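Engineer: Contents of model04.cif (mmCIF, C-alpha atoms) are given next:
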```
data_my_file
#
loop_
_atom_site.label_atom_id
_atom_site.label_comp_id
_atom_site.auth_asym_id
_atom_site.auth_seq_id
_atom_site.Cartn_x
_atom_site.Cartn_y
_atom_site.Cartn_z
CA MET D 1 119.97 75.77 130.08
CA THR D 2 118.01 72.92 128.64
CA ALA D 3 117.57 72.97 124.90
CA LYS D 4 115.09 70.32 123.76
CA ILE D 5 116.98 69.65 120.53
CA GLY D 6 120.24 67.74 120.50
CA TYR D 7 123.18 68.88 118.39
CA ASP D 8 123.69 65.35 117.11
CA ASP D 9 120.05 65.12 116.01
CA VAL D 10 120.26 67.90 113.41
CA GLU D 11 122.12 68.24 110.17
CA VAL D 12 122.62 71.01 107.67
CA GLY D 13 119.27 71.43 105.94
CA THR D 14 117.13 70.34 108.92
CA GLU D 15 113.95 72.40 108.72
CA LEU D 16 112.36 73.95 111.80
CA PRO D 17 108.54 73.93 112.02
CA ALA D 18 107.34 76.97 110.04
CA GLN D 19 104.85 79.37 111.62
CA SER D 20 102.58 82.25 110.59
CA PHE D 21 102.02 85.27 112.82
CA PRO D 22 99.04 87.59 112.34
CA VAL D 23 99.46 91.31 112.95
CA THR D 24 96.67 93.88 113.14
CA ARG D 25 96.58 97.56 114.02
CA ALA D 26 95.66 96.54 117.57
CA THR D 27 98.79 94.36 117.73
CA LEU D 28 100.91 97.33 116.73
CA VAL D 29 99.40 99.61 119.36
CA GLN D 30 100.01 96.95 122.00
CA TYR D 31 103.61 96.45 120.81
CA ALA D 32 104.20 100.22 120.80
CA GLY D 33 103.19 100.35 124.46
CA ALA D 34 105.25 97.35 125.48
CA SER D 35 108.39 98.39 123.59
CA GLY D 36 108.21 102.15 124.06
CA ASP D 37 108.47 102.78 120.30
CA PHE D 38 105.65 105.22 119.57
CA ASN D 39 106.76 106.25 116.08
CA PRO D 40 103.48 107.28 114.38
CA ILE D 41 104.33 105.35 111.18
CA HIS D 42 103.23 102.29 113.19
CA TRP D 43 99.72 103.52 114.11
CA ASN D 44 98.83 106.74 112.25
CA GLU D 45 97.79 106.18 108.64
CA LYS D 46 97.80 109.86 107.75
CA PHE D 47 101.32 110.31 109.07
CA ALA D 48 102.59 107.12 107.40
CA LYS D 49 101.30 108.25 104.00
CA GLU D 50 102.74 111.74 104.44
CA VAL D 51 106.23 110.26 104.80
CA GLY D 52 105.78 108.16 101.66
CA LEU D 53 104.67 104.79 103.03
CA PRO D 54 101.75 102.91 101.45
CA ASP D 55 100.01 102.57 104.84
CA VAL D 56 100.82 101.92 108.49
CA ILE D 57 103.73 99.45 108.78
CA ALA D 58 104.70 97.03 111.54
CA HIS D 59 107.70 97.82 113.73
CA GLY D 60 110.74 96.08 112.27
CA MET D 61 111.51 94.94 115.80
CA PHE D 62 108.04 93.38 116.03
CA THR D 63 108.76 91.33 112.91
CA MET D 64 112.18 90.41 114.31
CA ALA D 65 110.53 89.29 117.59
CA GLU D 66 108.00 87.12 115.75
CA ALA D 67 110.57 85.51 113.45
CA VAL D 68 112.79 84.28 116.28
CA ARG D 69 109.82 82.47 117.85
CA VAL D 70 110.33 79.77 115.22
CA VAL D 71 113.75 79.24 116.78
CA THR D 72 112.84 79.60 120.46
CA ASP D 73 109.77 77.34 120.11
CA TRP D 74 111.95 74.71 118.42
CA VAL D 75 114.72 74.77 120.99
CA GLY D 76 112.46 75.25 124.06
CA ASP D 77 114.75 77.48 126.11
CA PRO D 78 115.00 81.00 124.62
CA ALA D 79 118.36 81.37 126.40
CA ALA D 80 119.81 79.00 123.80
CA VAL D 81 119.91 81.94 121.35
CA VAL D 82 123.52 83.13 121.29
CA GLU D 83 123.30 85.53 118.36
CA TYR D 84 120.46 86.91 116.29
CA GLY D 85 120.59 89.45 113.49
CA VAL D 86 118.38 90.67 110.65
CA ARG D 87 118.17 93.27 107.90
CA PHE D 88 114.87 95.04 107.44
CA THR D 89 114.41 94.78 103.67
CA LYS D 90 110.71 95.54 103.12
CA PRO D 91 108.06 96.89 105.48
CA VAL D 92 105.15 94.73 106.67
CA VAL D 93 102.14 96.80 105.58
CA VAL D 94 99.23 96.46 108.00
CA PRO D 95 95.82 97.44 106.57
CA ASN D 96 93.10 98.81 108.84
CA ASP D 97 90.77 95.80 108.77
CA ASP D 98 90.02 92.73 110.87
CA GLU D 99 92.59 90.60 109.09
CA GLY D 100 95.63 92.87 109.13
CA ALA D 101 98.77 91.22 107.75
CA LEU D 102 100.42 87.84 108.10
CA ILE D 103 104.14 87.29 108.73
CA GLU D 104 105.18 83.84 107.49
CA VAL D 105 108.44 82.44 108.84
CA SER D 106 110.42 79.37 107.89
CA ALA D 107 113.89 78.37 109.02
CA LYS D 108 116.52 75.73 108.53
CA VAL D 109 119.85 74.73 109.93
CA ALA D 110 122.45 76.30 107.64
CA ALA D 111 125.68 75.28 109.39
CA LYS D 112 126.91 73.22 112.30
CA LEU D 113 129.42 75.15 114.40
CA ASP D 114 131.70 74.30 117.31
CA ASP D 115 130.56 74.03 120.92
CA HIS D 116 127.15 72.44 120.13
CA GLN D 117 126.09 75.54 118.22
CA VAL D 118 124.26 75.72 114.91
CA ARG D 119 123.45 78.60 112.60
CA VAL D 120 119.78 78.82 111.64
CA ASP D 121 118.80 80.89 108.60
CA LEU D 122 115.32 82.40 108.70
CA THR D 123 113.01 83.47 105.88
CA ALA D 124 110.21 85.91 106.68
CA THR D 125 107.66 87.04 104.12
CA SER D 126 104.48 89.08 104.17
CA ALA D 127 102.09 89.50 101.21
CA GLY D 128 104.53 87.46 99.13
CA GLN D 129 107.49 89.77 99.77
CA LYS D 130 110.61 88.99 101.74
CA VAL D 131 110.55 91.34 104.73
CA LEU D 132 113.77 90.26 106.45
CA GLY D 133 117.15 89.67 104.85
CA LEU D 134 120.36 88.17 106.25
CA SER D 135 118.20 86.79 109.02
CA ARG D 136 120.31 84.44 111.09
CA ALA D 137 120.41 83.04 114.58
CA VAL D 138 123.17 81.08 116.29
CA VAL D 139 121.70 78.63 118.80
CA ARG D 140 123.38 76.36 121.34
CA LEU D 141 121.79 72.92 121.34
CA ALA D 142 121.90 70.16 123.92
CA MET M 1 126.09 117.07 103.89
CA ALA M 2 128.34 114.21 104.91
CA LEU M 3 128.40 113.35 108.59
CA ASP M 4 131.43 114.15 110.70
CA GLN M 5 133.78 111.13 110.48
CA SER M 6 135.53 112.16 113.69
CA PHE M 7 132.60 110.57 115.57
CA VAL M 8 133.66 107.07 114.50
CA GLY M 9 134.98 105.18 117.51
CA ARG M 10 133.49 107.59 119.99
CA SER M 11 132.04 106.01 123.13
CA TYR M 12 129.48 107.60 125.37
CA PRO M 13 129.22 107.26 129.17
CA PRO M 14 127.08 104.37 130.49
CA THR M 15 123.37 105.05 130.86
CA GLU M 16 121.60 105.11 134.21
CA PRO M 17 120.65 101.54 135.21
CA TYR M 18 117.42 100.14 133.75
CA GLU M 19 115.73 97.75 136.17
CA VAL M 20 114.07 94.84 134.37
CA GLY M 21 110.69 94.05 135.96
CA ARG M 22 108.77 90.80 135.75
CA GLU M 23 105.62 92.60 134.70
CA LYS M 24 107.46 94.44 131.92
CA ILE M 25 108.73 91.12 130.55
CA ARG M 26 105.22 89.66 130.74
CA GLU M 27 103.78 92.73 129.00
CA PHE M 28 106.35 92.40 126.19
CA ALA M 29 105.77 88.65 125.75
CA GLU M 30 102.02 89.27 125.57
CA ALA M 31 102.51 92.05 123.01
CA VAL M 32 104.42 89.71 120.70
CA GLY M 33 101.93 86.89 121.44
CA ASP M 34 104.64 84.56 122.70
CA PRO M 35 103.30 81.95 125.17
CA ASN M 36 106.72 80.56 126.21
CA PRO M 37 106.29 80.09 130.00
CA ALA M 38 109.92 81.13 130.67
CA TYR M 39 108.64 84.72 130.10
CA THR M 40 105.72 84.57 132.50
CA ASP M 41 106.13 81.80 135.10
CA PRO M 42 109.18 81.96 137.41
CA GLU M 43 108.86 78.22 138.14
CA ALA M 44 108.96 77.38 134.43
CA ALA M 45 112.03 79.60 134.04
CA LYS M 46 113.68 77.87 137.01
CA ALA M 47 112.92 74.48 135.47
CA LEU M 48 115.08 75.61 132.54
CA GLY M 49 117.90 76.53 134.92
CA HIS M 50 117.28 80.27 135.23
CA THR M 51 117.07 82.22 138.48
CA ASP M 52 113.98 84.20 137.47
CA LEU M 53 111.88 85.07 134.41
CA ILE M 54 113.96 85.64 131.31
CA ALA M 55 113.12 88.16 128.60
CA PRO M 56 112.54 87.38 124.91
CA PRO M 57 115.70 87.91 122.82
CA THR M 58 114.59 91.23 121.31
CA PHE M 59 113.31 92.71 124.60
CA VAL M 60 116.61 94.47 125.30
CA PHE M 61 116.23 96.59 122.17
CA ALA M 62 113.97 99.01 124.05
CA ILE M 63 116.94 99.77 126.32
CA THR M 64 119.71 99.84 123.72
CA PHE M 65 117.69 101.83 121.20
CA LYS M 66 117.01 104.56 123.72
CA ALA M 67 120.75 104.74 124.41
CA ALA M 68 121.55 104.76 120.68
CA GLY M 69 118.92 107.47 120.22
CA ASP M 70 120.72 109.69 122.68
CA VAL M 71 123.90 109.21 120.65
CA VAL M 72 122.50 109.89 117.19
CA ALA M 73 120.56 112.89 118.53
CA ASP M 74 123.88 114.56 119.38
CA PRO M 75 123.45 117.88 117.51
CA GLN M 76 127.17 117.95 116.68
CA LEU M 77 126.74 114.74 114.67
CA GLY M 78 124.16 116.41 112.46
CA LEU M 79 121.96 113.41 111.63
CA ASP M 80 118.49 114.31 110.33
CA TYR M 81 116.53 112.02 112.65
CA SER M 82 113.21 112.63 110.87
CA ARG M 83 114.60 110.75 107.85
CA VAL M 84 116.04 107.80 109.75
CA VAL M 85 115.00 104.21 109.08
CA HIS M 86 116.16 101.10 110.90
CA ARG M 87 118.22 98.98 108.47
CA ASP M 88 119.89 96.20 110.48
CA GLN M 89 119.75 94.83 113.99
CA LYS M 90 121.91 92.22 115.62
CA PHE M 91 122.34 90.89 119.16
CA ALA M 92 125.08 88.74 120.69
CA PHE M 93 124.21 87.32 124.11
CA SER M 94 126.47 86.22 126.96
CA ARG M 95 123.29 85.31 128.84
CA PRO M 96 119.58 86.18 128.60
CA VAL M 97 118.21 89.33 130.19
CA ARG M 98 116.28 88.37 133.33
CA ALA M 99 113.91 89.94 135.82
CA GLY M 100 115.77 91.88 138.48
CA ASP M 101 118.65 92.83 136.20
CA ARG M 102 119.87 96.41 136.50
CA LEU M 103 121.34 97.09 133.08
CA THR M 104 123.52 99.88 131.78
CA VAL M 105 124.33 100.54 128.13
CA THR M 106 127.60 101.92 126.82
CA SER M 107 127.15 103.13 123.25
CA THR M 108 129.93 103.41 120.68
CA ILE M 109 129.70 104.71 117.12
CA VAL M 110 131.21 101.90 115.05
CA GLU M 111 130.81 103.24 111.55
CA ILE M 112 129.60 106.26 109.64
CA LYS M 113 129.41 106.22 105.89
CA SER M 114 127.61 107.75 102.99
CA LEU M 115 125.93 105.48 100.43
CA ALA M 116 124.27 107.03 97.39
CA GLY M 117 123.57 110.18 99.37
CA ASN M 118 122.17 108.28 102.35
CA ASP M 119 123.91 108.56 105.69
CA VAL M 120 124.52 105.22 107.38
CA ILE M 121 125.41 105.01 111.06
CA ASP M 122 126.18 101.89 113.05
CA VAL M 123 125.94 102.07 116.84
CA ARG M 124 127.06 99.30 119.19
CA GLY M 125 125.47 99.08 122.63
CA ASP M 126 127.31 97.00 125.22
CA VAL M 127 124.94 95.99 128.01
CA HIS M 128 126.29 95.09 131.45
CA ASP M 129 124.62 94.08 134.69
CA GLU M 130 125.12 95.57 138.13
CA ALA M 131 128.11 93.32 138.78
CA GLY M 132 129.76 94.62 135.61
CA GLU M 133 129.28 91.34 133.75
CA HIS M 134 128.50 91.46 130.04
CA VAL M 135 124.92 90.46 129.20
CA VAL M 136 124.39 91.33 125.54
CA THR M 137 125.75 93.55 122.78
CA ALA M 138 123.36 95.14 120.30
CA TRP M 139 124.37 96.54 116.90
CA THR M 140 121.88 99.01 115.44
CA LYS M 141 122.33 100.32 111.89
CA LEU M 142 120.31 103.39 110.98
CA VAL M 143 120.02 105.02 107.58
CA ALA M 144 119.09 108.66 107.12
CA ARG M 145 117.62 108.86 103.64
CA ALA M 146 118.93 111.66 101.48
CA ALA M 147 116.69 114.72 101.43
CA GLU M 148 114.75 115.09 98.19
CA GLU M 149 115.71 117.87 95.83
CA ALA M 150 113.80 121.03 96.68
#
```
Would it be possible to restate this file's structure as structure tokens?

Structural biologist:
Amino acid sequence: MTAKIGYDDVEVGTELPAQSFPVTRATLVQYAGASGDFNPIHWNEKFAKEVGLPDVIAHGMFTMAEAVRVVTDWVGDPAAVVEYGVRFTKPVVVPNDDEGALIEVSAKVAAKLDDHQVRVDLTATSAGQKVLGLSRAVVRLA
Amino acid sequence: MALDQSFVGRSYPPTEPYEVGREKIREFAEAVGDPNPAYTDPEAAKALGHTDLIAPPTFVFAITFKAAGDVVADPQLGLDYSRVVHRDQKFAFSRPVRAGDRLTVTSTIVEIKSLAGNDVIDVRGDVHDEAGEHVVTAWTKLVARAAEEA
């Protein structure tokens, strides 16, 4: 395991490079196929509205997968992720147009732990709303 | 109607092994748009010290969620699955999932509670490889929203 970032090089408050991830209806169909989650709220507008949603929404697990990229890109080796947890607070609504939605993710080191590990707290928003809560990863650095 | 509390602590037999394929990892990485070469190029993965391609951290959910689904679909539990939303997800890794792994999931119901008429169920999935070594544990919290008044 070869994390690019050294434990001694970060401190509490160190910010990871923020990233934005676009998501369209086509993205959701592709993710449904790859993940095996074919719940129609993620691709069928009529169904989504019938169950009380404003429109088709992204898979929570898609949003979770995008958010952690800020961490894995920073550290280089995805195997450095020891723990990762989120709460799905608001859905990412994906309109049926060319633009779709944007998931914006920032992250910072929130605590230095034993054994070269740090806790990174993530913030993910879409359309100005926080879409993940309690979003935290524990990462083992070099 | 409140869910049956006697299900708390119940464990279910391990699932049939799921064999992790390189192409499935590549397909997943492409679907989430992640260009990290450890997901697509065995040589790049080896350069990081792995024996084969590794999977993105959330890849294993497809396996644990299917196992959790079998648990919460138990008719004796009485969960209305059509009203279920995914509330929380957490993973704790002993090592990354990698191509060639044959993984089994043992699911346990950790918690059942009722919050403002909503049923909340927390399922832990312990994932082991063919040698019986722990790979990852996934905690999946599902909420069945209360049915609206008729």

Engineer: Please compute the CA of Leu132 in chain D-CA of Arg87 in chain D distance, one decimal, in Å.

Structural biologist: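 Value for the CA of Leu132 in chain D-CA of Arg87 in chain D distance: 5.5 Å.
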
Engineer: Name the residues captured by the PyMOL selection byres ((chain D) within 10 of (chain M)) when it is applied to the shown file; answer as an mmCIF file with C-alpha atoms, in the coordinates of the input.

Structural biologist:
```
data_model
loop_
_atom_site.group_PDB
_atom_site.id
_atom_site.type_symbol
_atom_site.label_atom_id
_atom_site.label_comp_id
_atom_site.auth_asym_id
_atom_site.auth_seq_id
_atom_site.Cartn_x
_atom_site.Cartn_y
_atom_site.Cartn_z
ATOM 1 C CA MET D 1 119.970 75.770 130.080
ATOM 2 C CA THR D 2 118.010 72.920 128.640
ATOM 3 C CA ALA D 3 117.570 72.970 124.900
ATOM 4 C CA PHE D 21 102.020 85.270 112.820
ATOM 5 C CA PRO D 22 99.040 87.590 112.340
ATOM 6 C CA VAL D 23 99.460 91.310 112.950
ATOM 7 C CA ALA D 26 95.660 96.540 117.570
ATOM 8 C CA THR D 27 98.790 94.360 117.730
ATOM 9 C CA LEU D 28 100.910 97.330 116.730
ATOM 10 C CA VAL D 29 99.400 99.610 119.360
ATOM 11 C CA GLN D 30 100.010 96.950 122.000
ATOM 12 C CA TYR D 31 103.610 96.450 120.810
ATOM 13 C CA ALA D 32 104.200 100.220 120.800
ATOM 14 C CA GLY D 33 103.190 100.350 124.460
ATOM 15 C CA ALA D 34 105.250 97.350 125.480
ATOM 16 C CA SER D 35 108.390 98.390 123.590
ATOM 17 C CA GLY D 36 108.210 102.150 124.060
ATOM 18 C CA ASP D 37 108.470 102.780 120.300
ATOM 19 C CA VAL D 51 106.230 110.260 104.800
ATOM 20 C CA HIS D 59 107.700 97.820 113.730
ATOM 21 C CA GLY D 60 110.740 96.080 112.270
ATOM 22 C CA MET D 61 111.510 94.940 115.800
ATOM 23 C CA PHE D 62 108.040 93.380 116.030
ATOM 24 C CA THR D 63 108.760 91.330 112.910
ATOM 25 C CA MET D 64 112.180 90.410 114.310
ATOM 26 C CA ALA D 65 110.530 89.290 117.590
ATOM 27 C CA GLU D 66 108.000 87.120 115.750
ATOM 28 C CA VAL D 68 112.790 84.280 116.280
ATOM 29 C CA ARG D 69 109.820 82.470 117.850
ATOM 30 C CA THR D 72 112.840 79.600 120.460
ATOM 31 C CA ASP D 73 109.770 77.340 120.110
ATOM 32 C CA GLY D 76 112.460 75.250 124.060
ATOM 33 C CA ASP D 77 114.750 77.480 126.110
ATOM 34 C CA PRO D 78 115.000 81.000 124.620
ATOM 35 C CA ALA D 79 118.360 81.370 126.400
ATOM 36 C CA ALA D 80 119.810 79.000 123.800
ATOM 37 C CA VAL D 81 119.910 81.940 121.350
ATOM 38 C CA VAL D 82 123.520 83.130 121.290
ATOM 39 C CA GLU D 83 123.300 85.530 118.360
ATOM 40 C CA TYR D 84 120.460 86.910 116.290
ATOM 41 C CA GLY D 85 120.590 89.450 113.490
ATOM 42 C CA VAL D 86 118.380 90.670 110.650
ATOM 43 C CA ARG D 87 118.170 93.270 107.900
ATOM 44 C CA PHE D 88 114.870 95.040 107.440
ATOM 45 C CA THR D 89 114.410 94.780 103.670
ATOM 46 C CA LYS D 90 110.710 95.540 103.120
ATOM 47 C CA LEU D 132 113.770 90.260 106.450
ATOM 48 C CA GLY D 133 117.150 89.670 104.850
ATOM 49 C CA LEU D 134 120.360 88.170 106.250
ATOM 50 C CA SER D 135 118.200 86.790 109.020
ATOM 51 C CA ARG D 136 120.310 84.440 111.090
ATOM 52 C CA ALA D 137 120.410 83.040 114.580
ATOM 53 C CA VAL D 138 123.170 81.080 116.290
#
```

Engineer: Excluding Asp4 in chain M and any residue of its chain fewer than 4 positions from it, enumerate the residues within 10 Å of it, using all atoms listed in the file, and give them as an mmCIF file with C-alpha atoms, keeping the file's coordinate frame.

Structural biologist:
```cif
data_model
loop_
_atom_site.group_PDB
_atom_site.id
_atom_site.type_symbol
_atom_site.label_atom_id
_atom_site.label_comp_id
_atom_site.auth_asym_id
_atom_site.auth_seq_id
_atom_site.Cartn_x
_atom_site.Cartn_y
_atom_site.Cartn_z
ATOM 1 C CA VAL M 8 133.660 107.070 114.500
ATOM 2 C CA GLN M 76 127.170 117.950 116.680
ATOM 3 C CA LEU M 77 126.740 114.740 114.670
ATOM 4 C CA GLY M 78 124.160 116.410 112.460
ATOM 5 C CA LEU M 79 121.960 113.410 111.630
ATOM 6 C CA ILE M 112 129.600 106.260 109.640
ATOM 7 C CA LYS M 113 129.410 106.220 105.890
#
```

Engineer: Can you measure CA of Ala142 in chain D to CA of Asp8 in chain D for me? One decimal in Å is fine.

Structural biologist: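 If I compute the distance from CA of Ala142 in chain D to CA of Asp8 in chain D, I get 8.5 Å.
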
Engineer: I'd like the interatomic distance between CA of Val92 in chain D and CA of Ala127 in chain D, to a tenth of an Å.

Structural biologist: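 Answer for the CA of Val92 in chain D to CA of Ala127 in chain D separation: 8.2 Å.
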
Engineer: When you look at Asp9 in chain D with a cut-off of 12 Å (counting all atoms listed in the file), what residues show up, excluding the ones that are within fewer than 4 positions of it in the same chain? I need them as a list in words.

Structural biologist: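 The neighbour list is Lys4, Ile5, Gly13, Thr14, Glu15, Val109, Lys112, His116, Val118, Leu141 and Ala142 of chain D.
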
Engineer: Which neighbours of Tyr81 in chain M fall inside 9 Å, counting only C-alpha atoms, when residues of the same chain fewer than 4 positions from it are skipped, and could you give them as a ChimeraX atom specification?

Structural biologist: /M:72-73,85,144

Engineer: Which of these residues is nearest to Asp98 in chain D, using all atoms listed in the file: D:Glu11, D:Leu16, D:Ala124, D:Arg25?

Structural biologist: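 Checking each of D:Glu11, D:Leu16, D:Ala124, D:Arg25 against Asp98 in chain D, counting all atoms listed in the file, the winner is D:Arg25.
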
Engineer: Could you tell me which residues the PyMOL selection byres ((chain M and resi 127) around 8) grabs in this file, written as a PyMOL selection string?

Structural biologist: chain M and resi 64+103-106+125-126+128-129+134-138

Engineer: So that I can check the surroundings of Asp52 in chain M, please list as a ChimeraX atom specification every protein, DNA and RNA residue that reaches within 8 Å of it, counting only C-alpha atoms and ignoring chain neighbours fewer than 5 positions away.

Structural biologist: /M:42-43,45-46,98-100

Engineer: The PyMOL selection byres ((chain M and resi 118) around 10) on the file shown: which residues, as a PyMOL selection string?

Structural biologist: chain M and resi 1-2+83-84+113-117+119-121+143-147
